[in-house]
>>> print(open('coords-v2.tsv').read())   # TSV, N, CA and C atoms
chain	number	residue	atom	x	y	z
A	1	MET	N	-2.54	33.79	9.23
A	1	MET	CA	-3.17	32.74	10.00
A	1	MET	C	-3.41	31.54	9.07
A	2	GLU	N	-3.10	30.34	9.57
A	2	GLU	CA	-3.30	29.10	8.81
A	2	GLU	C	-4.78	28.76	8.74
A	3	ASN	N	-5.22	28.24	7.61
A	3	ASN	CA	-6.58	27.75	7.46
A	3	ASN	C	-6.64	26.38	8.13
A	4	GLN	N	-7.41	26.24	9.21
A	4	GLN	CA	-7.46	25.00	9.98
A	4	GLN	C	-8.66	24.13	9.65
A	5	GLU	N	-9.39	24.45	8.60
A	5	GLU	CA	-10.50	23.60	8.21
A	5	GLU	C	-9.95	22.27	7.69
A	6	SER	N	-10.70	21.20	7.91
A	6	SER	CA	-10.27	19.89	7.41
A	6	SER	C	-10.31	19.86	5.89
A	7	ARG	N	-9.36	19.15	5.34
A	7	ARG	CA	-9.34	18.91	3.90
A	7	ARG	C	-9.94	17.54	3.68
A	8	GLN	N	-10.80	17.42	2.69
A	8	GLN	CA	-11.39	16.13	2.36
A	8	GLN	C	-10.96	15.75	0.95
A	9	VAL	N	-10.51	14.49	0.81
A	9	VAL	CA	-10.04	13.99	-0.47
A	9	VAL	C	-10.75	12.67	-0.73
A	10	ALA	N	-11.22	12.48	-1.96
A	10	ALA	CA	-11.80	11.21	-2.38
A	10	ALA	C	-10.82	10.53	-3.33
A	11	VAL	N	-10.48	9.29	-3.01
A	11	VAL	CA	-9.63	8.48	-3.88
A	11	VAL	C	-10.52	7.42	-4.50
A	12	ILE	N	-10.59	7.41	-5.81
A	12	ILE	CA	-11.46	6.48	-6.52
A	12	ILE	C	-10.65	5.23	-6.84
A	13	GLY	N	-10.96	4.14	-6.16
A	13	GLY	CA	-10.29	2.87	-6.37
A	13	GLY	C	-9.30	2.57	-5.26
A	14	GLY	N	-9.42	1.37	-4.69
A	14	GLY	CA	-8.56	0.97	-3.58
A	14	GLY	C	-7.50	-0.04	-3.99
A	15	GLY	N	-7.19	-0.10	-5.29
A	15	GLY	CA	-6.15	-1.01	-5.77
A	15	GLY	C	-4.77	-0.44	-5.51
A	16	PRO	N	-3.76	-0.97	-6.18
A	16	PRO	CA	-2.38	-0.52	-5.95
A	16	PRO	C	-2.17	0.98	-6.15
A	17	ARG	N	-2.75	1.56	-7.19
A	17	ARG	CA	-2.54	3.01	-7.41
A	17	ARG	C	-3.28	3.83	-6.38
A	18	GLY	N	-4.52	3.46	-6.08
A	18	GLY	CA	-5.28	4.18	-5.06
A	18	GLY	C	-4.59	4.09	-3.70
A	19	THR	N	-4.07	2.90	-3.38
A	19	THR	CA	-3.34	2.72	-2.13
A	19	THR	C	-2.09	3.59	-2.10
A	20	SER	N	-1.41	3.69	-3.23
A	20	SER	CA	-0.22	4.55	-3.31
A	20	SER	C	-0.58	6.01	-3.05
A	21	VAL	N	-1.69	6.45	-3.61
A	21	VAL	CA	-2.13	7.83	-3.40
A	21	VAL	C	-2.45	8.07	-1.93
A	22	VAL	N	-3.16	7.13	-1.30
A	22	VAL	CA	-3.49	7.27	0.12
A	22	VAL	C	-2.21	7.34	0.96
A	23	GLU	N	-1.27	6.46	0.67
A	23	GLU	CA	0.00	6.46	1.41
A	23	GLU	C	0.72	7.79	1.28
A	24	ARG	N	0.78	8.35	0.06
A	24	ARG	CA	1.45	9.63	-0.14
A	24	ARG	C	0.72	10.77	0.56
A	25	LEU	N	-0.62	10.75	0.55
A	25	LEU	CA	-1.38	11.78	1.26
A	25	LEU	C	-1.08	11.74	2.76
A	26	ILE	N	-1.06	10.55	3.32
A	26	ILE	CA	-0.77	10.41	4.76
A	26	ILE	C	0.65	10.84	5.07
A	27	ALA	N	1.61	10.42	4.25
A	27	ALA	CA	3.00	10.79	4.49
A	27	ALA	C	3.18	12.31	4.43
A	28	ARG	N	2.58	12.94	3.43
A	28	ARG	CA	2.71	14.40	3.30
A	28	ARG	C	2.04	15.11	4.46
A	29	HIS	N	0.87	14.62	4.88
A	29	HIS	CA	0.17	15.23	6.01
A	29	HIS	C	1.01	15.13	7.27
A	30	ARG	N	1.62	13.97	7.50
A	30	ARG	CA	2.49	13.80	8.68
A	30	ARG	C	3.70	14.73	8.61
A	31	ALA	N	4.25	14.91	7.40
A	31	ALA	CA	5.42	15.77	7.24
A	31	ALA	C	5.11	17.23	7.56
A	32	LEU	N	3.86	17.63	7.35
A	32	LEU	CA	3.47	19.02	7.65
A	32	LEU	C	3.39	19.29	9.14
A	33	GLY	N	3.22	18.24	9.92
A	33	GLY	CA	3.22	18.37	11.37
A	33	GLY	C	1.94	18.95	11.94
A	34	ALA	N	2.05	19.47	13.15
A	34	ALA	CA	0.88	19.96	13.90
A	34	ALA	C	0.20	21.14	13.24
A	35	ALA	N	0.89	21.87	12.40
A	35	ALA	CA	0.30	23.04	11.75
A	35	ALA	C	-0.64	22.66	10.61
A	36	ALA	N	-0.64	21.40	10.22
A	36	ALA	CA	-1.46	20.97	9.09
A	36	ALA	C	-2.94	20.96	9.45
A	37	ALA	N	-3.75	21.34	8.49
A	37	ALA	CA	-5.20	21.22	8.67
A	37	ALA	C	-5.55	19.74	8.73
A	38	GLY	N	-6.71	19.43	9.31
A	38	GLY	CA	-7.16	18.04	9.37
A	38	GLY	C	-7.29	17.45	7.98
A	39	LEU	N	-7.16	16.15	7.89
A	39	LEU	CA	-7.26	15.46	6.61
A	39	LEU	C	-8.22	14.30	6.74
A	40	VAL	N	-9.22	14.27	5.87
A	40	VAL	CA	-10.18	13.17	5.82
A	40	VAL	C	-10.06	12.56	4.43
A	41	ILE	N	-9.78	11.25	4.39
A	41	ILE	CA	-9.62	10.56	3.11
A	41	ILE	C	-10.76	9.57	2.95
A	42	HIS	N	-11.46	9.67	1.83
A	42	HIS	CA	-12.54	8.74	1.49
A	42	HIS	C	-12.05	7.88	0.34
A	43	VAL	N	-12.05	6.56	0.52
A	43	VAL	CA	-11.67	5.66	-0.56
A	43	VAL	C	-12.96	5.05	-1.10
A	44	VAL	N	-13.19	5.25	-2.39
A	44	VAL	CA	-14.39	4.74	-3.04
A	44	VAL	C	-13.99	3.49	-3.80
A	45	GLU	N	-14.44	2.33	-3.32
A	45	GLU	CA	-14.06	1.04	-3.90
A	45	GLU	C	-15.26	0.10	-3.81
A	46	PRO	N	-15.80	-0.35	-4.94
A	46	PRO	CA	-17.00	-1.18	-4.91
A	46	PRO	C	-16.74	-2.64	-4.52
A	47	HIS	N	-15.49	-3.08	-4.51
A	47	HIS	CA	-15.19	-4.48	-4.24
A	47	HIS	C	-14.73	-4.67	-2.80
A	48	ASP	N	-14.97	-5.86	-2.26
A	48	ASP	CA	-14.54	-6.19	-0.90
A	48	ASP	C	-13.02	-6.20	-0.83
A	49	PRO	N	-12.46	-5.95	0.37
A	49	PRO	CA	-11.01	-6.04	0.53
A	49	PRO	C	-10.53	-7.45	0.17
A	50	GLY	N	-9.35	-7.54	-0.34
A	50	GLY	CA	-8.78	-8.83	-0.73
A	50	GLY	C	-8.21	-8.74	-2.12
A	51	PRO	N	-8.45	-9.75	-2.95
A	51	PRO	CA	-7.83	-9.76	-4.27
A	51	PRO	C	-8.43	-8.73	-5.22
A	52	GLY	N	-9.59	-8.17	-4.89
A	52	GLY	CA	-10.19	-7.15	-5.74
A	52	GLY	C	-10.84	-7.74	-6.97
A	53	HIS	N	-10.99	-6.93	-7.98
A	53	HIS	CA	-11.69	-7.32	-9.20
A	53	HIS	C	-10.79	-8.07	-10.18
A	54	ILE	N	-9.51	-7.79	-10.17
A	54	ILE	CA	-8.59	-8.32	-11.17
A	54	ILE	C	-8.00	-9.67	-10.77
A	55	TRP	N	-7.47	-9.76	-9.55
A	55	TRP	CA	-6.79	-10.99	-9.12
A	55	TRP	C	-7.83	-12.02	-8.73
A	56	ARG	N	-7.81	-13.15	-9.40
A	56	ARG	CA	-8.78	-14.20	-9.14
A	56	ARG	C	-8.17	-15.26	-8.24
A	57	THR	N	-8.84	-15.57	-7.14
A	57	THR	CA	-8.31	-16.56	-6.19
A	57	THR	C	-8.47	-17.99	-6.71
A	58	ASP	N	-9.30	-18.19	-7.74
A	58	ASP	CA	-9.49	-19.54	-8.26
A	58	ASP	C	-8.45	-19.92	-9.32
A	59	GLN	N	-7.54	-19.01	-9.64
A	59	GLN	CA	-6.48	-19.32	-10.60
A	59	GLN	C	-5.40	-20.15	-9.93
A	60	SER	N	-4.65	-20.86	-10.74
A	60	SER	CA	-3.54	-21.65	-10.25
A	60	SER	C	-2.55	-20.75	-9.51
A	61	ARG	N	-1.98	-21.26	-8.42
A	61	ARG	CA	-0.96	-20.52	-7.68
A	61	ARG	C	0.34	-20.42	-8.48
A	62	LEU	N	0.41	-21.12	-9.62
A	62	LEU	CA	1.61	-21.06	-10.45
A	62	LEU	C	1.67	-19.79	-11.29
A	63	PHE	N	0.52	-19.08	-11.43
A	63	PHE	CA	0.54	-17.80	-12.14
A	63	PHE	C	1.27	-16.77	-11.28
A	64	LEU	N	2.23	-16.12	-11.87
A	64	LEU	CA	3.03	-15.16	-11.13
A	64	LEU	C	2.94	-13.80	-11.80
A	65	MET	N	3.26	-12.76	-11.03
A	65	MET	CA	3.40	-11.43	-11.63
A	65	MET	C	4.58	-11.49	-12.58
A	66	ASN	N	4.55	-10.72	-13.62
A	66	ASN	CA	5.66	-10.73	-14.56
A	66	ASN	C	6.70	-9.67	-14.21
A	67	THR	N	6.82	-9.37	-12.92
A	67	THR	CA	7.78	-8.39	-12.43
A	67	THR	C	8.52	-9.01	-11.25
A	68	PRO	N	9.85	-8.93	-11.22
A	68	PRO	CA	10.58	-9.45	-10.05
A	68	PRO	C	10.08	-8.79	-8.76
A	69	CYS	N	10.04	-9.56	-7.68
A	69	CYS	CA	9.43	-9.08	-6.44
A	69	CYS	C	10.15	-7.88	-5.82
A	70	LEU	N	11.36	-7.57	-6.24
A	70	LEU	CA	12.02	-6.42	-5.64
A	70	LEU	C	11.57	-5.10	-6.26
A	71	TYR	N	10.76	-5.13	-7.35
A	71	TYR	CA	10.33	-3.89	-7.99
A	71	TYR	C	9.00	-3.33	-7.50
A	72	PRO	N	7.92	-4.12	-7.42
A	72	PRO	CA	6.65	-3.49	-7.05
A	72	PRO	C	6.66	-3.03	-5.60
A	73	THR	N	6.18	-1.84	-5.38
A	73	THR	CA	6.06	-1.30	-4.03
A	73	THR	C	5.12	-0.11	-4.06
A	74	VAL	N	4.46	0.14	-2.97
A	74	VAL	CA	3.67	1.37	-2.85
A	74	VAL	C	4.39	2.36	-1.96
A	75	VAL	N	5.56	1.95	-1.46
A	75	VAL	CA	6.34	2.80	-0.57
A	75	VAL	C	7.61	3.21	-1.28
A	76	PRO	N	7.85	4.51	-1.46
A	76	PRO	CA	9.10	4.94	-2.08
A	76	PRO	C	10.28	4.58	-1.19
A	77	VAL	N	11.27	3.91	-1.75
A	77	VAL	CA	12.47	3.53	-1.00
A	77	VAL	C	13.70	3.92	-1.80
A	78	GLY	N	14.83	3.95	-1.16
A	78	GLY	CA	16.09	4.26	-1.83
A	78	GLY	C	16.09	5.65	-2.44
A	79	PRO	N	16.74	5.81	-3.59
A	79	PRO	CA	16.83	7.13	-4.23
A	79	PRO	C	15.47	7.75	-4.55
A	80	ALA	N	14.46	6.91	-4.83
A	80	ALA	CA	13.13	7.43	-5.15
A	80	ALA	C	12.51	8.17	-3.98
A	81	ALA	N	12.95	7.87	-2.76
A	81	ALA	CA	12.39	8.49	-1.57
A	81	ALA	C	13.07	9.82	-1.21
A	82	ALA	N	14.17	10.14	-1.86
A	82	ALA	CA	14.91	11.36	-1.54
A	82	ALA	C	14.07	12.60	-1.85
A	83	GLY	N	13.97	13.49	-0.90
A	83	GLY	CA	13.30	14.77	-1.13
A	83	GLY	C	11.78	14.75	-1.05
A	84	ILE	N	11.19	13.62	-0.67
A	84	ILE	CA	9.73	13.58	-0.51
A	84	ILE	C	9.40	13.19	0.91
A	85	ALA	N	8.14	13.36	1.29
A	85	ALA	CA	7.72	13.04	2.65
A	85	ALA	C	8.02	11.58	2.96
A	86	GLU	N	8.51	11.33	4.16
A	86	GLU	CA	8.87	9.99	4.58
A	86	GLU	C	7.63	9.09	4.65
A	87	ALA	N	7.76	7.89	4.16
A	87	ALA	CA	6.67	6.93	4.16
A	87	ALA	C	6.43	6.43	5.59
A	88	PRO	N	5.16	6.19	5.96
A	88	PRO	CA	4.88	5.64	7.29
A	88	PRO	C	5.49	4.26	7.48
A	89	ILE	N	5.63	3.49	6.40
A	89	ILE	CA	6.22	2.16	6.45
A	89	ILE	C	7.31	2.13	5.38
A	90	ALA	N	8.52	2.04	5.80
A	90	ALA	CA	9.63	2.16	4.84
A	90	ALA	C	10.21	0.81	4.45
A	91	VAL	N	9.36	-0.08	3.93
A	91	VAL	CA	9.88	-1.34	3.41
A	91	VAL	C	9.36	-1.55	2.00
A	92	SER	N	10.19	-2.17	1.18
A	92	SER	CA	9.78	-2.51	-0.17
A	92	SER	C	8.94	-3.78	-0.13
A	93	PHE	N	8.31	-4.11	-1.25
A	93	PHE	CA	7.55	-5.36	-1.34
A	93	PHE	C	8.46	-6.55	-1.06
A	94	ASP	N	9.67	-6.52	-1.61
A	94	ASP	CA	10.60	-7.63	-1.41
A	94	ASP	C	10.96	-7.80	0.06
A	95	GLU	N	11.18	-6.69	0.77
A	95	GLU	CA	11.48	-6.77	2.20
A	95	GLU	C	10.28	-7.31	2.97
A	96	TRP	N	9.09	-6.86	2.61
A	96	TRP	CA	7.86	-7.38	3.25
A	96	TRP	C	7.75	-8.88	3.01
A	97	ARG	N	7.99	-9.32	1.77
A	97	ARG	CA	7.93	-10.74	1.42
A	97	ARG	C	8.92	-11.54	2.25
A	98	ARG	N	10.13	-11.02	2.40
A	98	ARG	CA	11.16	-11.69	3.20
A	98	ARG	C	10.70	-11.82	4.65
A	99	ARG	N	10.11	-10.76	5.19
A	99	ARG	CA	9.62	-10.78	6.57
A	99	ARG	C	8.49	-11.79	6.75
A	100	VAL	N	7.60	-11.89	5.75
A	100	VAL	CA	6.53	-12.90	5.81
A	100	VAL	C	7.14	-14.29	5.86
A	101	ASN	N	8.12	-14.56	4.98
A	101	ASN	CA	8.75	-15.88	4.93
A	101	ASN	C	9.48	-16.22	6.22
A	102	GLU	N	9.91	-15.21	6.96
A	102	GLU	CA	10.60	-15.44	8.23
A	102	GLU	C	9.63	-15.46	9.41
A	103	GLY	N	8.33	-15.32	9.12
A	103	GLY	CA	7.33	-15.35	10.19
A	103	GLY	C	7.28	-14.09	11.02
A	104	LEU	N	7.73	-12.96	10.47
A	104	LEU	CA	7.81	-11.71	11.23
A	104	LEU	C	6.61	-10.78	11.03
A	105	VAL	N	5.65	-11.16	10.18
A	105	VAL	CA	4.51	-10.29	9.90
A	105	VAL	C	3.26	-10.92	10.53
A	106	PRO	N	2.68	-10.27	11.55
A	106	PRO	CA	1.49	-10.82	12.19
A	106	PRO	C	0.37	-11.08	11.19
A	107	GLY	N	-0.34	-12.18	11.37
A	107	GLY	CA	-1.45	-12.51	10.49
A	107	GLY	C	-1.04	-13.26	9.24
A	108	THR	N	0.24	-13.61	9.13
A	108	THR	CA	0.72	-14.37	7.98
A	108	THR	C	1.45	-15.61	8.47
A	109	GLN	N	1.57	-16.57	7.57
A	109	GLN	CA	2.33	-17.77	7.86
A	109	GLN	C	3.39	-17.91	6.77
A	110	PRO	N	4.61	-18.33	7.14
A	110	PRO	CA	5.64	-18.50	6.11
A	110	PRO	C	5.15	-19.39	4.97
A	111	GLY	N	5.38	-18.92	3.73
A	111	GLY	CA	5.00	-19.68	2.56
A	111	GLY	C	3.54	-19.59	2.19
A	112	ARG	N	2.75	-18.78	2.93
A	112	ARG	CA	1.32	-18.64	2.64
A	112	ARG	C	0.99	-17.16	2.52
A	113	PRO	N	-0.02	-16.83	1.72
A	113	PRO	CA	-0.42	-15.42	1.59
A	113	PRO	C	-1.04	-14.92	2.88
A	114	PRO	N	-1.08	-13.58	3.09
A	114	PRO	CA	-1.68	-13.02	4.30
A	114	PRO	C	-3.14	-13.44	4.45
A	115	ALA	N	-3.57	-13.59	5.69
A	115	ALA	CA	-4.97	-13.92	5.97
A	115	ALA	C	-5.85	-12.76	5.58
A	116	GLU	N	-7.05	-13.07	5.09
A	116	GLU	CA	-7.98	-11.99	4.70
A	116	GLU	C	-8.96	-11.75	5.81
>>> encode(input="coords-v2.tsv", output="structure tokens")
Amino acid sequence: MENQESRQVAVIGGGPRGTSVVERLIARHRALGAAAAGLVIHVVEPHDPGPGHIWRTDQSRLFLMNTPCLYPTVVPVGPAAAGIAEAPIAVSFDEWRRRVNEGLVPGTQPGRPPAE
């Protein structure tokens, strides 16, 4: 008999790594299907949603990440996604950026960051 008690997980930090962990937990839980025990995820993050503690909104918009936009992602895509639970959203950061620039992402405007 399967243990049907809910599983509770605490993720400390809601930044990129914490978000990646939450995404993987959700993807794995979905992959297990109806037989999976309930899952409760608690994200412990002292800062308000938005740029967080590190990214400062008062900095010049000319400061850029030192990584090409096709690399950072919290969603495994391509060969990295082979053999693991399917991501709920299967787009890379670069694809998301392209969709924002084309006006395809609700709550965003082409050439502007997402609304907070």
>>> atom_distance(input="coords-v2.tsv", atom1="atom C of Arg97 (chain A)", atom2="CA of Gln109 (chain A)")
10.7 Å
>>> atom_distance(input="coords-v2.tsv", atom1="CA of Ala10 (chain A)", atom2="atom N of Leu25 (chain A)")
11.6 Å
>>> residues_around(input="coords-v2.tsv", residues="Glu86 (chain A)", least_positions_apart="5", cutoff="8 Å", atoms="only C-alpha atoms", output="list in words")
Ala27, Arg28, Ala31 and Ala81 of chain A
>>> atom_distance(input="coords-v2.tsv", atom1="CA of His29 (chain A)", atom2="CA of Arg98 (chain A)")
29.2 Å
>>> closest_residue(input="coords-v2.tsv", among="A:Pro49, A:Ile84, A:Gly13, A:Ser60", to="Leu32 (chain A)", atoms="only C-alpha atoms")
A:Ile84
>>> residues_around(input="coords-v2.tsv", residues="Val21 (chain A)", least_positions_apart="6", cutoff="12 Å", atoms="only C-alpha atoms", output="ChimeraX atom specification")
/A:9-15,27-28,41-43,74-76,87
>>> write_last_selection(input="coords-v2.tsv", atoms="N, CA and C atoms", output="tab-separated table (two decimals), keeping the file's coordinate frame")
chain	number	residue	atom	x	y	z
A	9	VAL	N	-10.51	14.49	0.81
A	9	VAL	CA	-10.04	13.99	-0.47
A	9	VAL	C	-10.75	12.67	-0.73
A	10	ALA	N	-11.22	12.48	-1.96
A	10	ALA	CA	-11.80	11.21	-2.38
A	10	ALA	C	-10.82	10.53	-3.33
A	11	VAL	N	-10.48	9.29	-3.01
A	11	VAL	CA	-9.63	8.48	-3.88
A	11	VAL	C	-10.52	7.42	-4.50
A	12	ILE	N	-10.59	7.41	-5.81
A	12	ILE	CA	-11.46	6.48	-6.52
A	12	ILE	C	-10.65	5.23	-6.84
A	13	GLY	N	-10.96	4.14	-6.16
A	13	GLY	CA	-10.29	2.87	-6.37
A	13	GLY	C	-9.30	2.57	-5.26
A	14	GLY	N	-9.42	1.37	-4.69
A	14	GLY	CA	-8.56	0.97	-3.58
A	14	GLY	C	-7.50	-0.04	-3.99
A	15	GLY	N	-7.19	-0.10	-5.29
A	15	GLY	CA	-6.15	-1.01	-5.77
A	15	GLY	C	-4.77	-0.44	-5.51
A	27	ALA	N	1.61	10.42	4.25
A	27	ALA	CA	3.00	10.79	4.49
A	27	ALA	C	3.18	12.31	4.43
A	28	ARG	N	2.58	12.94	3.43
A	28	ARG	CA	2.71	14.40	3.30
A	28	ARG	C	2.04	15.11	4.46
A	41	ILE	N	-9.78	11.25	4.39
A	41	ILE	CA	-9.62	10.56	3.11
A	41	ILE	C	-10.76	9.57	2.95
A	42	HIS	N	-11.46	9.67	1.83
A	42	HIS	CA	-12.54	8.74	1.49
A	42	HIS	C	-12.05	7.88	0.34
A	43	VAL	N	-12.05	6.56	0.52
A	43	VAL	CA	-11.67	5.66	-0.56
A	43	VAL	C	-12.96	5.05	-1.10
A	74	VAL	N	4.46	0.14	-2.97
A	74	VAL	CA	3.67	1.37	-2.85
A	74	VAL	C	4.39	2.36	-1.96
A	75	VAL	N	5.56	1.95	-1.46
A	75	VAL	CA	6.34	2.80	-0.57
A	75	VAL	C	7.61	3.21	-1.28
A	76	PRO	N	7.85	4.51	-1.46
A	76	PRO	CA	9.10	4.94	-2.08
A	76	PRO	C	10.28	4.58	-1.19
A	87	ALA	N	7.76	7.89	4.16
A	87	ALA	CA	6.67	6.93	4.16
A	87	ALA	C	6.43	6.43	5.59
